[in-house]
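Asker: Below is the file coords.txt, with compact mmCIF, C-alpha atoms.
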# COMPACT_ATOMS: atom_id res chain seq x y z
CA MET A 55 -7.37 -3.20 14.36
CA HIS A 56 -10.59 -3.31 12.34
CA ILE A 57 -9.84 -1.30 9.20
CA PRO A 58 -12.51 1.19 8.14
CA ASP A 59 -13.38 1.68 4.46
CA GLY A 60 -11.27 4.26 2.70
CA PHE A 61 -7.83 3.74 4.26
CA ILE A 62 -6.80 1.30 1.54
CA ASP A 63 -7.85 1.53 -2.12
CA ILE A 64 -10.33 -0.85 -3.71
CA PRO A 65 -7.93 -2.89 -5.92
CA THR A 66 -5.69 -3.68 -2.92
CA SER A 67 -8.73 -4.47 -0.77
CA ALA A 68 -10.05 -6.79 -3.49
CA ALA A 69 -6.69 -8.57 -3.81
CA PHE A 70 -6.51 -9.19 -0.07
CA ALA A 71 -10.14 -10.29 -0.03
CA ALA A 72 -9.23 -12.89 -2.67
CA ALA A 73 -6.18 -14.01 -0.67
CA SER A 74 -8.34 -14.25 2.46
CA ALA A 75 -10.92 -16.31 0.60
CA VAL A 76 -8.23 -18.80 -0.44
CA ALA A 77 -6.93 -18.98 3.15
CA VAL A 78 -10.43 -19.51 4.51
CA ALA A 79 -11.10 -22.30 2.02
CA GLY A 80 -7.85 -23.92 3.18
CA ALA A 81 -8.88 -23.48 6.79
CA VAL A 82 -12.22 -25.21 6.17
CA LYS A 83 -10.34 -28.17 4.68
CA GLY A 84 -7.86 -28.28 7.57
CA ALA A 85 -10.49 -27.86 10.25
CA ARG A 86 -12.55 -30.68 8.76
CA LYS A 87 -9.64 -33.05 9.47
CA GLN A 88 -8.84 -31.63 12.88
CA LEU A 89 -12.18 -31.02 14.53
CA SER A 90 -13.81 -33.90 16.35
CA GLU A 91 -17.22 -34.12 17.92
CA GLN A 92 -15.46 -33.07 21.14
CA SER A 93 -13.47 -30.13 19.84
CA ALA A 94 -16.03 -28.63 17.42
CA PRO A 95 -18.16 -27.11 20.22
CA LEU A 96 -15.00 -25.67 21.82
CA ALA A 97 -14.21 -23.92 18.52
CA GLY A 98 -17.68 -22.35 18.57
CA LEU A 99 -17.33 -21.32 22.21
CA THR A 100 -13.93 -19.80 21.44
CA ALA A 101 -15.52 -17.57 18.79
CA VAL A 102 -18.20 -16.48 21.27
CA PHE A 103 -15.63 -15.71 23.97
CA ILE A 104 -13.47 -13.75 21.50
CA PHE A 105 -16.47 -11.69 20.38
CA ALA A 106 -17.22 -10.83 24.02
CA VAL A 107 -13.65 -9.99 24.99
CA GLN A 108 -13.08 -7.91 21.85
CA MET A 109 -15.70 -5.52 23.25
CA LEU A 110 -13.47 -4.86 26.26
CA ASN A 111 -11.08 -2.14 25.17
CA PHE A 112 -8.36 -1.59 27.75
CA PRO A 113 -6.29 1.62 27.96
CA VAL A 114 -2.68 1.18 26.80
CA ALA A 115 -1.31 4.75 26.67
CA ALA A 116 -2.62 8.27 26.86
CA GLY A 117 -5.74 8.38 24.68
CA THR A 118 -5.18 4.94 23.16
CA SER A 119 -6.94 1.67 23.81
CA GLY A 120 -6.55 -1.85 22.58
CA HIS A 121 -8.56 -5.02 22.72
CA LEU A 122 -7.95 -8.72 22.33
CA ILE A 123 -7.66 -10.09 18.81
CA GLY A 124 -7.87 -13.67 20.06
CA ALA A 125 -5.88 -15.28 17.24
CA ALA A 126 -3.25 -16.89 19.49
CA LEU A 127 -5.86 -17.84 22.06
CA ALA A 128 -7.99 -19.62 19.48
CA MET A 129 -4.91 -21.23 17.92
CA VAL A 130 -3.80 -22.76 21.25
CA LEU A 131 -7.32 -23.93 22.13
CA VAL A 132 -8.59 -25.31 18.83
CA GLY A 133 -5.68 -25.31 16.36
CA PRO A 134 -4.80 -22.83 13.60
CA TYR A 135 -7.43 -23.89 11.03
CA ALA A 136 -10.40 -23.61 13.35
CA ALA A 137 -8.83 -20.45 14.85
CA THR A 138 -8.86 -18.77 11.43
CA LEU A 139 -12.51 -19.69 10.98
CA ALA A 140 -13.48 -18.53 14.50
CA LEU A 141 -11.88 -15.13 13.84
CA VAL A 142 -13.60 -14.87 10.45
CA VAL A 143 -17.01 -15.48 12.04
CA VAL A 144 -16.32 -12.79 14.66
CA LEU A 145 -15.07 -10.25 12.10
CA ILE A 146 -18.04 -10.81 9.79
CA ILE A 147 -20.54 -10.40 12.62
CA GLN A 148 -18.78 -7.23 13.79
CA ALA A 149 -18.76 -5.70 10.30
CA PHE A 150 -22.32 -6.57 9.35
CA LEU A 151 -24.16 -6.28 12.67
CA PHE A 152 -22.15 -3.68 14.57
CA ALA A 153 -20.63 -1.51 11.78
CA ASP A 154 -17.19 -2.30 13.22
CA GLY A 155 -14.67 -2.65 10.40
CA GLY A 156 -15.51 -1.55 6.87
CA LEU A 157 -17.23 -3.87 4.40
CA THR A 158 -14.84 -3.33 1.48
CA ALA A 159 -11.98 -3.54 4.03
CA LEU A 160 -13.22 -6.85 5.45
CA GLY A 161 -10.76 -8.91 3.39
CA LEU A 162 -7.90 -6.75 4.66
CA SER A 163 -8.95 -7.17 8.29
CA ILE A 164 -9.51 -10.91 7.87
CA PHE A 165 -6.08 -11.27 6.31
CA ASN A 166 -4.36 -9.46 9.22
CA MET A 167 -6.24 -10.90 12.17
CA ALA A 168 -7.57 -14.27 11.01
CA VAL A 169 -4.65 -15.30 8.81
CA ILE A 170 -1.37 -13.51 9.67
CA SER A 171 -2.02 -13.26 13.41
CA VAL A 172 -3.14 -16.90 13.69
CA TRP A 173 -0.35 -18.41 11.60
CA VAL A 174 2.48 -16.29 12.99
CA SER A 175 1.40 -17.19 16.51
CA PHE A 176 1.17 -20.86 15.45
CA ILE A 177 4.75 -20.88 14.13
CA VAL A 178 6.05 -19.16 17.28
CA PHE A 179 4.05 -21.56 19.43
CA MET A 180 5.37 -24.68 17.67
CA ILE A 181 8.97 -23.48 18.02
CA LEU A 182 8.49 -22.72 21.72
CA LYS A 183 6.85 -26.09 22.30
CA LYS A 184 9.93 -27.78 20.90
CA ILE A 185 12.27 -25.80 23.16
CA LEU A 186 10.30 -25.58 26.39
CA PRO A 187 9.64 -28.36 28.92
CA ARG A 188 6.34 -30.17 28.47
CA THR A 189 4.39 -28.89 31.40
CA LYS A 190 1.17 -26.93 31.65
CA SER A 191 2.98 -23.92 33.10
CA TRP A 192 5.37 -23.76 30.16
CA LEU A 193 2.45 -24.17 27.77
CA VAL A 194 0.95 -21.03 29.31
CA VAL A 195 4.28 -19.25 28.84
CA ALA A 196 4.35 -20.32 25.18
CA SER A 197 0.77 -19.03 24.77
CA PHE A 198 1.77 -15.71 26.35
CA ILE A 199 4.72 -15.18 23.99
CA SER A 200 2.79 -16.32 20.89
CA ALA A 201 0.00 -13.87 21.74
CA LEU A 202 2.46 -11.05 22.40
CA ILE A 203 3.98 -11.46 18.93
CA SER A 204 0.66 -12.03 17.15
CA VAL A 205 -0.50 -8.44 17.62
CA PRO A 206 2.45 -6.53 16.09
CA ALA A 207 2.39 -9.22 13.35
CA ALA A 208 -1.17 -8.19 12.45
CA ALA A 209 -0.11 -4.52 12.66
CA ILE A 210 2.69 -5.17 10.16
CA GLY A 211 0.08 -6.80 7.93
CA PHE A 212 -1.76 -3.48 7.90
CA VAL A 213 1.45 -1.57 7.15
CA ILE A 214 2.08 -3.83 4.14
CA GLN A 215 -1.45 -3.11 2.90
CA TYR A 216 -0.86 0.59 3.52
CA ALA A 217 2.39 0.45 1.56
CA ILE A 218 0.66 -1.23 -1.38
CA GLY A 219 -2.56 0.72 -1.60
CA ALA A 220 -3.01 3.59 0.85
CA ASN A 221 -5.33 6.40 -0.18
CA ALA A 222 -3.12 8.74 1.89
CA THR A 223 0.46 9.76 1.12
CA PHE A 224 2.12 9.73 4.57
CA SER A 225 5.40 7.82 4.60
CA VAL A 226 5.27 4.06 5.17
CA GLY A 227 8.13 4.35 7.70
CA THR A 228 6.12 6.71 9.91
CA VAL A 229 3.10 4.39 9.81
CA LEU A 230 5.30 1.34 10.51
CA ASN A 231 6.91 2.93 13.58
CA ALA A 232 3.63 4.13 15.02
CA MET A 233 1.77 0.85 14.32
CA VAL A 234 4.42 -1.47 15.73
CA GLY A 235 5.11 0.68 18.81
CA THR A 236 1.44 0.93 19.74
CA HIS A 237 0.69 -2.70 19.02
CA ILE A 238 3.53 -4.08 21.11
CA LEU A 239 1.80 -2.38 24.06
CA ILE A 240 -1.55 -3.84 23.04
CA GLY A 241 0.21 -7.20 22.61
CA ILE A 242 1.02 -7.23 26.33
CA GLY A 243 -2.70 -7.03 27.11
CA GLU A 244 -3.38 -9.72 24.49
CA ALA A 245 -0.72 -11.94 26.08
CA ILE A 246 -2.12 -11.56 29.60
CA ILE A 247 -5.71 -12.33 28.55
CA THR A 248 -4.55 -15.28 26.43
CA ALA A 249 -2.41 -16.75 29.24
CA LEU A 250 -5.22 -16.41 31.80
CA THR A 251 -7.78 -18.02 29.51
CA VAL A 252 -5.50 -20.87 28.45
CA SER A 253 -4.72 -21.52 32.15
CA ALA A 254 -8.41 -21.69 32.98
CA VAL A 255 -9.19 -24.15 30.19
CA LEU A 256 -6.10 -26.24 31.00
CA ALA A 257 -7.22 -26.43 34.63
CA SER A 258 -10.78 -27.47 33.83
CA ARG A 259 -10.56 -29.39 30.55
CA SER A 260 -6.99 -29.89 29.39
CA ASP A 261 -8.21 -32.77 27.19
CA LEU A 262 -9.91 -30.24 24.92
CA VAL A 263 -6.84 -28.01 24.41
CA PHE A 264 -5.27 -28.42 20.97
CA GLY A 265 -1.85 -27.17 22.09
CA TRP A 266 -1.65 -29.64 24.98
CA ASP A 267 -0.50 -33.11 24.03
CA ARG A 268 -2.86 -35.60 25.51
CA LYS A 269 -0.15 -38.18 26.06
CA ASN A 270 1.35 -35.86 28.67
CA SER A 271 -1.58 -36.34 30.89
CA GLN A 272 -2.23 -39.68 32.55
CA LEU A 273 -5.74 -38.76 33.60
CA GLU A 274 -7.22 -38.81 30.13
CA ILE A 275 -7.23 -42.14 28.42
CA ARG A 276 -8.34 -42.21 24.83
CA SER A 277 -7.49 -44.94 22.44
CA MET B 88 -7.01 -30.84 38.77
CA MET B 89 -10.72 -31.27 38.55
CA LYS B 90 -12.21 -32.10 35.22
CA ILE B 91 -15.61 -30.59 34.69
CA SER B 92 -18.33 -32.09 32.52
CA ASN B 93 -18.96 -31.04 28.92
CA ARG B 94 -22.26 -29.51 29.86
CA LYS B 95 -20.78 -27.52 32.74
CA PHE B 96 -17.86 -26.33 30.60
CA PHE B 97 -20.20 -25.25 27.80
CA ALA B 98 -22.54 -23.43 30.18
CA SER B 99 -19.67 -21.66 31.97
CA ALA B 100 -18.12 -20.45 28.71
CA ILE B 101 -21.44 -19.03 27.47
CA LEU B 102 -22.22 -17.48 30.85
CA ILE B 103 -18.79 -15.82 31.16
CA SER B 104 -19.05 -14.47 27.59
CA ALA B 105 -22.54 -13.11 28.28
CA ILE B 106 -21.38 -11.38 31.48
CA LEU B 107 -18.39 -9.83 29.70
CA ALA B 108 -20.33 -8.65 26.63
CA GLY B 109 -23.54 -7.81 28.48
CA GLY B 110 -22.16 -6.21 31.65
CA VAL B 111 -18.42 -5.60 31.78
CA SER B 112 -18.39 -4.02 28.27
CA PHE B 113 -19.91 -0.86 29.78
CA TYR B 114 -16.58 -0.24 31.53
CA ALA B 115 -14.45 -0.65 28.38
CA SER B 116 -12.18 2.22 27.39
CA SER B 117 -13.74 4.51 24.80
CA SER B 118 -10.39 5.86 23.60
CA PRO B 119 -9.59 5.16 19.94
CA ASP B 120 -7.94 1.77 19.36
CA GLY B 121 -4.35 1.37 18.19
CA LEU B 122 -5.02 1.68 14.45
CA GLU B 123 -7.45 4.59 14.86
CA LYS B 124 -4.99 6.46 17.10
CA VAL B 125 -2.12 5.92 14.68
CA ALA B 126 -4.37 7.13 11.84
CA GLU B 127 -5.20 10.27 13.84
CA ASP B 128 -1.59 10.93 14.83
CA VAL B 129 -0.11 10.29 11.38
CA GLY B 130 -3.02 11.97 9.63
CA PHE B 131 -4.61 9.35 7.38
CA ILE B 132 -7.79 9.20 9.49
CA GLU B 133 -9.13 11.72 6.93
CA THR B 134 -9.33 8.97 4.32
CA ALA B 135 -11.76 6.88 6.40
CA LYS B 136 -15.28 6.62 5.02
CA ASP B 137 -18.43 6.25 7.08
CA HIS B 138 -19.53 2.66 7.53
CA SER B 139 -22.21 1.57 5.07
CA PHE B 140 -24.22 0.13 7.94
CA GLY B 141 -23.49 3.02 10.33
CA ASP B 142 -27.20 3.69 10.84
CA PHE B 143 -28.07 0.12 11.78
CA THR B 144 -29.77 -0.59 15.09
CA LEU B 145 -26.65 -2.16 16.61
CA ALA B 146 -24.00 0.10 15.04
CA ASP B 147 -21.03 0.81 17.29
CA TYR B 148 -22.19 -1.70 19.90
CA GLY B 149 -25.26 0.20 21.05
CA PHE B 150 -28.95 -0.49 20.71
CA LYS B 151 -30.55 2.42 18.88
CA GLY B 152 -33.38 3.90 20.92
CA LEU B 153 -32.16 2.67 24.28
CA GLU B 154 -31.20 5.85 26.14
CA ASN B 155 -29.49 4.14 29.07
CA ALA B 156 -25.87 3.60 28.00
CA ARG B 157 -25.42 0.57 30.24
CA LEU B 158 -28.49 -1.17 28.84
CA SER B 159 -27.70 -0.12 25.29
CA VAL B 160 -24.18 -1.59 25.12
CA GLY B 161 -25.18 -4.57 27.28
CA PHE B 162 -28.11 -5.49 25.10
CA ALA B 163 -26.01 -5.11 21.93
CA GLY B 164 -23.33 -7.31 23.52
CA LEU B 165 -25.82 -10.04 24.38
CA ILE B 166 -27.22 -10.02 20.85
CA GLY B 167 -23.64 -10.33 19.54
CA VAL B 168 -22.93 -13.27 21.83
CA ALA B 169 -26.13 -14.99 20.72
CA ALA B 170 -25.41 -14.34 17.03
CA THR B 171 -21.83 -15.56 17.31
CA ALA B 172 -22.93 -18.67 19.22
CA LEU B 173 -25.56 -19.48 16.63
CA ILE B 174 -23.29 -19.02 13.61
CA ALA B 175 -20.02 -20.38 15.04
CA LEU B 176 -21.46 -23.43 16.79
CA GLY B 177 -23.51 -24.21 13.67
CA LEU B 178 -20.55 -23.76 11.34
CA PHE B 179 -18.15 -25.94 13.35
CA ARG B 180 -20.79 -28.61 13.85
CA PHE B 181 -21.24 -28.65 10.09
CA ILE B 182 -17.47 -28.83 9.50
CA GLN B 183 -16.52 -31.41 12.14
CA LYS B 184 -15.42 -34.89 11.20
CA LYS B 185 -18.39 -36.87 10.00
CA SER B 186 -17.42 -40.24 11.47
CA PRO B 187 -16.57 -39.59 15.12
CA ASN B 188 -16.36 -43.31 15.89
CA LYS B 189 -13.01 -43.49 14.16
CA ASN B 190 -11.03 -41.74 16.87
CA GLN B 191 -12.93 -42.39 20.04
Can the structure from this file be put into structure tokens for me?
Answerer:
Amino acid sequence: MHIPDGFIDIPTSAAFAAASAVAVAGAVKGARKQLSEQSAPLAGLTAVFIFAVQMLNFPVAAGTSGHLIGAALAMVLVGPYAATLALVVVLIIQAFLFADGGLTALGLSIFNMAVISVWVSFIVFMILKKILPRTKSWLVVASFISALISVPAAAIGFVIQYAIGANATFSVGTVLNAMVGTHILIGIGEAIITALTVSAVLASRSDLVFGWDRKNSQLEIRS
Amino acid sequence: MMKISNRKFFASAILISAILAGGVSFYASSSPDGLEKVAEDVGFIETAKDHSFGDFTLADYGFKGLENARLSVGFAGLIGVAATALIALGLFRFIQKKSPNKNQ
């Protein structure tokens, strides 16, 4: 969902770039409080893994592909603040090194994938954690659902930007239908990859997982 | 559940990422992604501008000059993994809590 230059006009792009900058500044502040010597490297590794998996486009329907965003995955592993920053690093590298995602559109893409996607998935995840039993299996289920919703959430972010400042004149309703329909399908792929990855990290190093309460596990003792 | 060491976890994560970006990426679908397909179907793809850095060596996840498609995308992927590792690990190390003794 990397937006190329030209879809959205410059004033709208600039406004979202400013909003993204504020969100990123907030994320730096939040991450500073949340990241320990233990979890900081995991946040870096999460960004690396997301960059790699974003290269793996999977087919979702005739002539359409999707790839992981990684917002929900990063949020479960390292918390929402560090997740926003991990996504920002990936999006900047993609735009500047690989010409993936326009430069004037970077603020728009950051807002959809590093802000909306991360924080919507975080809200969904926190609600599910309250409702669901506190086991690793249910944590994986919560990750799956958060990831599933995070993708159409980012797609709706784009539709809002389109509604405000599109350079084209096609109806917002048409774009909304097409974007949400397609991105629910992509969300299923996102959910599967997220659930598998969260399971793997829970199995090997549950102590590092932000979304997993350490007190649940008797093996790790930290005082 | 076995708990693996920090070093082993770190090495595995980097290795898996390198294999995915450097090898598996060759098999990725080349169909347009969700947004691009919607833009084509609805019609606003016309408003897209060429990327300012479209002529760069690594543009579109290939290494300019490398004829072999497998090597080209693989090499680009590995450079991306290295760049992300360098920047992200550095950034989070810089951001992390300065007095780790407090909560250990």
Asker: Which polymer residues have any atom within 7 Å of an atom of Pro206 (chain A), counting all atoms listed in the file, with same-chain residues fewer than 5 positions away left out, as a ChimeraX atom specification?
Answerer: /A:234,237-238,241
Asker: Which polymer residues have any atom within 7 Å of an atom of Val102 (chain A), counting only C-alpha atoms, with same-chain residues fewer than 3 positions away left out, as a list in words?
Answerer: Gly98, Leu99, Phe105 and Ala106 of chain A; Ser104, Val168, Thr171 and Ala172 of chain B
Asker: Quick one: write out the picked residues with C-alpha atoms as a PDB file, keeping the file's coordinate frame?
Answerer:
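Writing done, so here's again_4.pdb:
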ATOM      1  CA  GLY A  98     -17.680 -22.350  18.570  1.00  0.00           C
ATOM      2  CA  LEU A  99     -17.330 -21.320  22.210  1.00  0.00           C
ATOM      3  CA  PHE A 105     -16.470 -11.690  20.380  1.00  0.00           C
ATOM      4  CA  ALA A 106     -17.220 -10.830  24.020  1.00  0.00           C
TER       5      ALA A 106
ATOM      6  CA  SER B 104     -19.050 -14.470  27.590  1.00  0.00           C
ATOM      7  CA  VAL B 168     -22.930 -13.270  21.830  1.00  0.00           C
ATOM      8  CA  THR B 171     -21.830 -15.560  17.310  1.00  0.00           C
ATOM      9  CA  ALA B 172     -22.930 -18.670  19.220  1.00  0.00           C
TER      10      ALA B 172
END
Asker: Using only C-alpha atoms, can you tell me which of B:Phe162, B:Phe140, B:Phe97, B:Phe150 comes closest to Gly110 (chain B)?
Answerer: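 Nearest to Gly110 (chain B): B:Phe162.
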Asker: Residues of chain A no more than 7 Å from chain B, counting all atoms listed in the file: send them over as a PyMOL selection string.
Answerer: chain A and resi 55+58-61+86-87+89-91+94-95+97-99+101-103+105-107+109-113+117-120+140+143-144+151-154+156+221-222+229+232-233+236-237+257-259+276-277
Asker: For Ala69 (chain A), please output as a VMD selection string all residues within 9 Å (counting only C-alpha atoms; exclusion window: fewer than 5 positions along the same chain).
Answerer: chain A and resid 64 74 161 to 162
Asker: Grab the CA of Ile203 (chain A) to CA of Lys83 (chain A) distance for me, in Å with one decimal place.
Answerer: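 Answer for the CA of Ile203 (chain A) to CA of Lys83 (chain A) separation: 26.2 Å.
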Asker: For a quick check of understanding, using all atoms listed in the file, which of A:Thr228, A:Gln148, A:Ser204, A:Thr223 has the smallest distance to Ile170 (chain A)?
Answerer: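 Nearest to Ile170 (chain A): A:Ser204.
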Asker: So that I can see what lies close to Ala249 (chain A), please list as a count of residues only the residues with an atom at most 7 Å from it, counting all atoms listed in the file and leaving out residues fewer than 6 positions away in the same chain.
Answerer: 3
Asker: Hey, can you check how far CA of Ile104 (chain A) sits from CA of Gly155 (chain A)?
Answerer: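 So the two atoms, CA of Ile104 (chain A) and CA of Gly155 (chain A), lie 15.7 Å apart.
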Asker: One decimal, in Å: what's the spacing between CA of Ser225 (chain A) and CA of Val172 (chain A)?
Answerer: 27.7 Å
Asker: Since the input lacks some atoms of region 146-159 of chain B, please model N, CA and C atoms and print them as a PDB file, in the frame of the given file.
Answerer:
ATOM      1  N   ALA B 146     -25.275  -0.516  15.422  1.00  0.00           N
ATOM      2  CA  ALA B 146     -24.000   0.100  15.040  1.00  0.00           C
ATOM      3  C   ALA B 146     -23.224   0.603  16.246  1.00  0.00           C
ATOM      4  N   ASP B 147     -21.940   0.387  16.209  1.00  0.00           N
ATOM      5  CA  ASP B 147     -21.030   0.810  17.290  1.00  0.00           C
ATOM      6  C   ASP B 147     -21.409   0.238  18.657  1.00  0.00           C
ATOM      7  N   TYR B 148     -21.917  -0.990  18.654  1.00  0.00           N
ATOM      8  CA  TYR B 148     -22.190  -1.700  19.900  1.00  0.00           C
ATOM      9  C   TYR B 148     -23.140  -0.936  20.830  1.00  0.00           C
ATOM     10  N   GLY B 149     -24.209  -0.409  20.234  1.00  0.00           N
ATOM     11  CA  GLY B 149     -25.260   0.200  21.050  1.00  0.00           C
ATOM     12  C   GLY B 149     -26.583  -0.264  20.469  1.00  0.00           C
ATOM     13  N   PHE B 150     -27.639  -0.139  21.229  1.00  0.00           N
ATOM     14  CA  PHE B 150     -28.950  -0.490  20.710  1.00  0.00           C
ATOM     15  C   PHE B 150     -29.714   0.800  20.496  1.00  0.00           C
ATOM     16  N   LYS B 151     -29.933   1.141  19.218  1.00  0.00           N
ATOM     17  CA  LYS B 151     -30.550   2.420  18.880  1.00  0.00           C
ATOM     18  C   LYS B 151     -31.902   2.553  19.574  1.00  0.00           C
ATOM     19  N   GLY B 152     -32.103   3.680  20.260  1.00  0.00           N
ATOM     20  CA  GLY B 152     -33.380   3.900  20.920  1.00  0.00           C
ATOM     21  C   GLY B 152     -33.305   3.672  22.409  1.00  0.00           C
ATOM     22  N   LEU B 153     -32.333   2.875  22.842  1.00  0.00           N
ATOM     23  CA  LEU B 153     -32.160   2.670  24.280  1.00  0.00           C
ATOM     24  C   LEU B 153     -31.298   3.815  24.822  1.00  0.00           C
ATOM     25  N   GLU B 154     -31.899   4.660  25.643  1.00  0.00           N
ATOM     26  CA  GLU B 154     -31.200   5.850  26.140  1.00  0.00           C
ATOM     27  C   GLU B 154     -30.112   5.485  27.145  1.00  0.00           C
ATOM     28  N   ASN B 155     -30.431   4.536  28.001  1.00  0.00           N
ATOM     29  CA  ASN B 155     -29.490   4.140  29.070  1.00  0.00           C
ATOM     30  C   ASN B 155     -28.262   3.458  28.452  1.00  0.00           C
ATOM     31  N   ALA B 156     -27.090   4.092  28.640  1.00  0.00           N
ATOM     32  CA  ALA B 156     -25.870   3.600  28.000  1.00  0.00           C
ATOM     33  C   ALA B 156     -25.534   2.184  28.440  1.00  0.00           C
ATOM     34  N   ARG B 157     -25.746   1.894  29.712  1.00  0.00           N
ATOM     35  CA  ARG B 157     -25.420   0.570  30.240  1.00  0.00           C
ATOM     36  C   ARG B 157     -26.281  -0.512  29.587  1.00  0.00           C
ATOM     37  N   LEU B 158     -27.582  -0.213  29.470  1.00  0.00           N
ATOM     38  CA  LEU B 158     -28.490  -1.170  28.840  1.00  0.00           C
ATOM     39  C   LEU B 158     -28.207  -1.290  27.349  1.00  0.00           C
ATOM     40  N   SER B 159     -27.897  -0.149  26.733  1.00  0.00           N
ATOM     41  CA  SER B 159     -27.700  -0.120  25.290  1.00  0.00           C
ATOM     42  C   SER B 159     -26.531  -0.998  24.859  1.00  0.00           C
TER      43      SER B 159
END
